[in-house]
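Structure first, then comments.
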Amino acid sequence: MQVVHADRISELPNDILISIISRLTVREATATCILSTCWRHLHYYVTHLNFPKYEIGETVSDYLCIVNHVLSSHKGPIKELRLDWAEGHERWFEFALTKKAERIHIARVRIEFHGLPNGLQCLKELSLSSIEMTDQDLELLLSNCLVLERLTIKFSSRCENVSIVGHSKLKHLNFSYLWRIRSIMIHDAISLVSLTCCELISGCSVQLSNIPKLTKLDLRDSRNRLMHVEFFVGMSSCIRDQLTVLCLTSKFFNMYKLNLGLLNDFSLQLVNIKHLQFVLHMWDDSIWHDISRYACRWVEACGSLQKLVIKFLPSPELDLGDGNDETYDHYGCDLAQKYLVISGYSGFDSERKLALYLINSITSLQKLIVVACDEEALARAHHDFRHITSVTFLVI
């Protein structure tokens, strides 16, 4: 008996096939045209145009030709345009607007914000990176994006005094690497849930008021930038008391020391923080003890903490250590949270010491999860925490 292998997928309606290939990158979607005659023209109608970064050996000119060809031949509406790290042209942004795109992620594209085509009224998510945008450009853009829910502005040297007032739909806001920023004012953003600020310069003024739904704050600093504690000291107590999720990232050791000093000087209280995450750059084996003190002081300030997450970033230069069991004296900080997550664990000596320090400081630990960065690190994690009960090991 001859078995006939039917092509059931190609029998699906075109709108379903388009929905399927719209989840692929542009290269992958275009490659489907060779499958059969019924697939030949489907890639012209994909609703998500995701252009990955150009590959090794591919010139910028080649990449631009691909983008221009795809956009010029595309038919129908789109929901998303994503162009990462490509030297481009204003017409790409205009293309997405004329297609009524709901999400635009675009980098290094020259844009004239005056005289943009219709389409801003459909935009729900906008991410602009390395765009020469002024304060007036941003104000004009927001005044026309009436349903915008998520806004990210990265790597801008022209934004100085950012003002967002009365935007009722905005839920998520990210200001990162605004090199000349002097002030940020956010008033009457009644739907704003999360705020991310990365590397605000020292002396930057942040004014927040009437943002009743703000519960998540993500702060990232590095050398000579506005410090975490400074950000909170300038914040009104009613805004601080709303927060339930806090993520803190520091890149340089001196920032840990400076923040720790300010924490000791101010009686900072974050009464409703339930989820606290540290993203740590453990670039030196000798700094784990100071970072432990830094982490514990923040934990002390969070009286309602339930979950503590320590996320290690890759540090290949560190020593793996010998893995001997050790106990550590701490500074009277009895951590009461029930849930501890150690993420990105590589098994470096400083990571192991910091993790054990925190574990020994917790008085009522009920659940520990250690997420290793690879199989080798997973084996080290099993060894390093073998004496701890109720621990779950994962690998990413």
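Following the order of the structure tokens, first chain is A, next is B, and so on, with residues numbered from 1 inside each chain and ligands from 1 in the order they appear.
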Region 194-295 of chain A: residues DSSP assigns to helix (DSSP H, G or I), reported as an NGL selection string:
:A and (228-233 or 237-242 or 253-265 or 285-295)
Give me, as a list in words, all polymer residues having an atom no more than 7 Å from Ser209 (chain A), counting only C-alpha atoms and skipping those fewer than 5 positions away in the same chain.
Ile186, His187 and Asp188 of chain A
Would you mind exporting the chosen residues as a CSV table (one decimal), in the first residue's frame, restricted to C-alpha atoms?
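Heads up, here's the output in part.csv:
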chain,number,residue,atom,x,y,z
A,186,ILE,CA,5.6,63.1,35.1
A,187,HIS,CA,2.3,64.4,36.2
A,188,ASP,CA,-1.3,63.1,35.9
Residues of region 85-128 of chain A that approach region 69-77 of chain A to 8 Å or less, counting only C-alpha atoms: could you list each one with the shortest pair of atoms and its distance in Å to one decimal, rows by chain and increasing residue number, as a tab-separated table?
residue	atom	partner	partner_atom	distance
A:Trp92	CA	A:Leu71	CA	8.0
A:Phe95	CA	A:Leu71	CA	7.7
A:Lys99	CA	A:Pro77	CA	5.0
A:Lys100	CA	A:Pro77	CA	6.6
A:Ala101	CA	A:Pro77	CA	7.4
Just the residues within 8 Å of region 155-170 of chain A, please, counting only C-alpha atoms, with nothing from its chain fewer than 5 positions along; format it as a PyMOL selection string.
chain A and resi 129-135+138-139+142+146-150+176-192
Dump C-alpha atoms for the selected residues as a PDB file, in the first residue's frame?
ATOM      1  CA  SER A 129      16.833  54.269  20.014  1.00  0.00           C
ATOM      2  CA  SER A 130      19.663  56.587  18.935  1.00  0.00           C
ATOM      3  CA  ILE A 131      17.171  59.150  17.681  1.00  0.00           C
ATOM      4  CA  GLU A 132      18.011  62.854  17.710  1.00  0.00           C
ATOM      5  CA  MET A 133      14.846  63.824  19.547  1.00  0.00           C
ATOM      6  CA  THR A 134      14.360  67.152  21.337  1.00  0.00           C
ATOM      7  CA  ASP A 135      12.026  67.889  24.242  1.00  0.00           C
ATOM      8  CA  LEU A 138       8.736  64.278  22.332  1.00  0.00           C
ATOM      9  CA  GLU A 139       5.939  66.594  23.430  1.00  0.00           C
ATOM     10  CA  LEU A 142       2.949  62.280  22.700  1.00  0.00           C
ATOM     11  CA  LEU A 146      -3.507  59.242  22.067  1.00  0.00           C
ATOM     12  CA  VAL A 147      -3.616  55.466  22.698  1.00  0.00           C
ATOM     13  CA  LEU A 148       0.122  54.943  23.357  1.00  0.00           C
ATOM     14  CA  GLU A 149       0.644  52.449  26.206  1.00  0.00           C
ATOM     15  CA  ARG A 150       4.405  51.778  26.115  1.00  0.00           C
ATOM     16  CA  SER A 176      17.632  55.143  29.222  1.00  0.00           C
ATOM     17  CA  TYR A 177      20.945  56.803  28.398  1.00  0.00           C
ATOM     18  CA  LEU A 178      19.634  60.330  27.953  1.00  0.00           C
ATOM     19  CA  TRP A 179      23.077  61.864  28.133  1.00  0.00           C
ATOM     20  CA  ARG A 180      22.039  65.485  28.788  1.00  0.00           C
ATOM     21  CA  ILE A 181      18.889  64.973  30.808  1.00  0.00           C
ATOM     22  CA  ARG A 182      18.463  67.557  33.569  1.00  0.00           C
ATOM     23  CA  SER A 183      14.869  67.001  34.625  1.00  0.00           C
ATOM     24  CA  ILE A 184      12.010  64.542  34.213  1.00  0.00           C
ATOM     25  CA  MET A 185       8.477  65.566  35.145  1.00  0.00           C
ATOM     26  CA  ILE A 186       5.629  63.058  35.056  1.00  0.00           C
ATOM     27  CA  HIS A 187       2.261  64.402  36.208  1.00  0.00           C
ATOM     28  CA  ASP A 188      -1.303  63.081  35.899  1.00  0.00           C
ATOM     29  CA  ALA A 189      -0.258  59.877  34.097  1.00  0.00           C
ATOM     30  CA  ILE A 190      -3.122  58.001  35.691  1.00  0.00           C
ATOM     31  CA  SER A 191      -2.468  54.640  33.951  1.00  0.00           C
ATOM     32  CA  LEU A 192       1.309  54.479  34.408  1.00  0.00           C
TER      33      LEU A 192
END
Assign secondary structure with DSSP using the backbone only, and return the residues of region 130-305 of chain A in strand (DSSP E or B) as a ChimeraX atom specification.
/A:150-156,161-165,172-178,183-187,194-198,201,205-209,216-221,225,245-250,275-280
Residues from the last selection, C-alpha atoms, saved as an mmCIF file, in the first residue's frame:
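Output (result.cif):
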data_model
loop_
_atom_site.group_PDB
_atom_site.id
_atom_site.type_symbol
_atom_site.label_atom_id
_atom_site.label_comp_id
_atom_site.auth_asym_id
_atom_site.auth_seq_id
_atom_site.Cartn_x
_atom_site.Cartn_y
_atom_site.Cartn_z
ATOM 1 C CA ARG A 150 4.405 51.778 26.115
ATOM 2 C CA LEU A 151 7.184 54.280 25.356
ATOM 3 C CA THR A 152 10.953 53.705 25.327
ATOM 4 C CA ILE A 153 13.496 56.420 24.521
ATOM 5 C CA LYS A 154 17.153 55.306 24.501
ATOM 6 C CA PHE A 155 20.492 56.889 23.614
ATOM 7 C CA SER A 156 19.519 60.499 23.050
ATOM 8 C CA ASN A 161 13.847 68.611 30.216
ATOM 9 C CA VAL A 162 11.326 65.854 29.592
ATOM 10 C CA SER A 163 7.723 66.542 30.544
ATOM 11 C CA ILE A 164 4.849 64.060 30.375
ATOM 12 C CA VAL A 165 1.648 65.581 31.665
ATOM 13 C CA HIS A 172 5.054 51.640 30.706
ATOM 14 C CA LEU A 173 7.806 54.237 30.386
ATOM 15 C CA ASN A 174 11.544 53.742 29.836
ATOM 16 C CA PHE A 175 14.131 56.548 29.739
ATOM 17 C CA SER A 176 17.632 55.143 29.222
ATOM 18 C CA TYR A 177 20.945 56.803 28.398
ATOM 19 C CA LEU A 178 19.634 60.330 27.953
ATOM 20 C CA SER A 183 14.869 67.001 34.625
ATOM 21 C CA ILE A 184 12.010 64.542 34.213
ATOM 22 C CA MET A 185 8.477 65.566 35.145
ATOM 23 C CA ILE A 186 5.629 63.058 35.056
ATOM 24 C CA HIS A 187 2.261 64.402 36.208
ATOM 25 C CA SER A 194 6.073 50.872 35.463
ATOM 26 C CA LEU A 195 8.958 53.321 35.158
ATOM 27 C CA THR A 196 12.517 52.456 34.067
ATOM 28 C CA CYS A 197 15.350 54.968 34.397
ATOM 29 C CA CYS A 198 18.834 54.017 33.259
ATOM 30 C CA ILE A 201 23.058 62.015 35.286
ATOM 31 C CA SER A 205 15.586 66.300 39.011
ATOM 32 C CA VAL A 206 12.749 63.750 38.906
ATOM 33 C CA GLN A 207 9.258 64.987 39.760
ATOM 34 C CA LEU A 208 6.436 62.477 40.013
ATOM 35 C CA SER A 209 2.866 63.290 41.010
ATOM 36 C CA LYS A 216 7.079 48.949 39.479
ATOM 37 C CA LEU A 217 10.355 50.881 39.441
ATOM 38 C CA ASP A 218 13.532 49.786 37.628
ATOM 39 C CA LEU A 219 16.646 51.873 38.386
ATOM 40 C CA ARG A 220 20.030 51.336 36.764
ATOM 41 C CA ASP A 221 23.073 53.453 37.441
ATOM 42 C CA ARG A 225 25.288 58.917 37.696
ATOM 43 C CA VAL A 245 8.261 45.837 42.705
ATOM 44 C CA LEU A 246 11.785 47.281 42.695
ATOM 45 C CA CYS A 247 14.750 46.338 40.495
ATOM 46 C CA LEU A 248 18.195 47.846 41.172
ATOM 47 C CA THR A 249 21.244 47.569 38.919
ATOM 48 C CA SER A 250 24.728 49.003 39.499
ATOM 49 C CA HIS A 275 9.469 41.915 45.132
ATOM 50 C CA LEU A 276 13.061 43.173 45.222
ATOM 51 C CA GLN A 277 15.601 42.307 42.532
ATOM 52 C CA PHE A 278 19.308 43.089 42.382
ATOM 53 C CA VAL A 279 21.205 42.798 39.108
ATOM 54 C CA LEU A 280 24.840 42.481 40.157
#
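Nearest to Ala301 (chain A) of all the residues A:Thr363, A:Glu102, A:Ala372, A:Val229 is A:Val229, counting only C-alpha atoms.
Relative to CA of Lys79 (chain A), CA of Leu17 (chain A) is found at 15.9 Å.
Of the residues under consideration (A:Val46, A:Leu358, A:Ile273, A:Leu262), A:Leu358 shows the shortest atom-to-atom contact distance to Ile310 (chain A) when counting only C-alpha atoms.
Interatomic distance, CA of Ile66 (chain A) against CA of Leu12 (chain A): 28.8 Å.
Here CA of Val271 (chain A) and CA of Glu300 (chain A) stand 10.1 Å from one another.
The residue that comes closest to Glu125 (chain A), out of A:Cys373, A:Ile104, A:Ala29, A:Leu64 and on the basis of only C-alpha atoms, is A:Ile104.
Using only C-alpha atoms, the smallest distance between any of A:Ser143, A:Ser10, A:Ser61, A:Thr389 and Thr37 (chain A) comes from A:Ser10.
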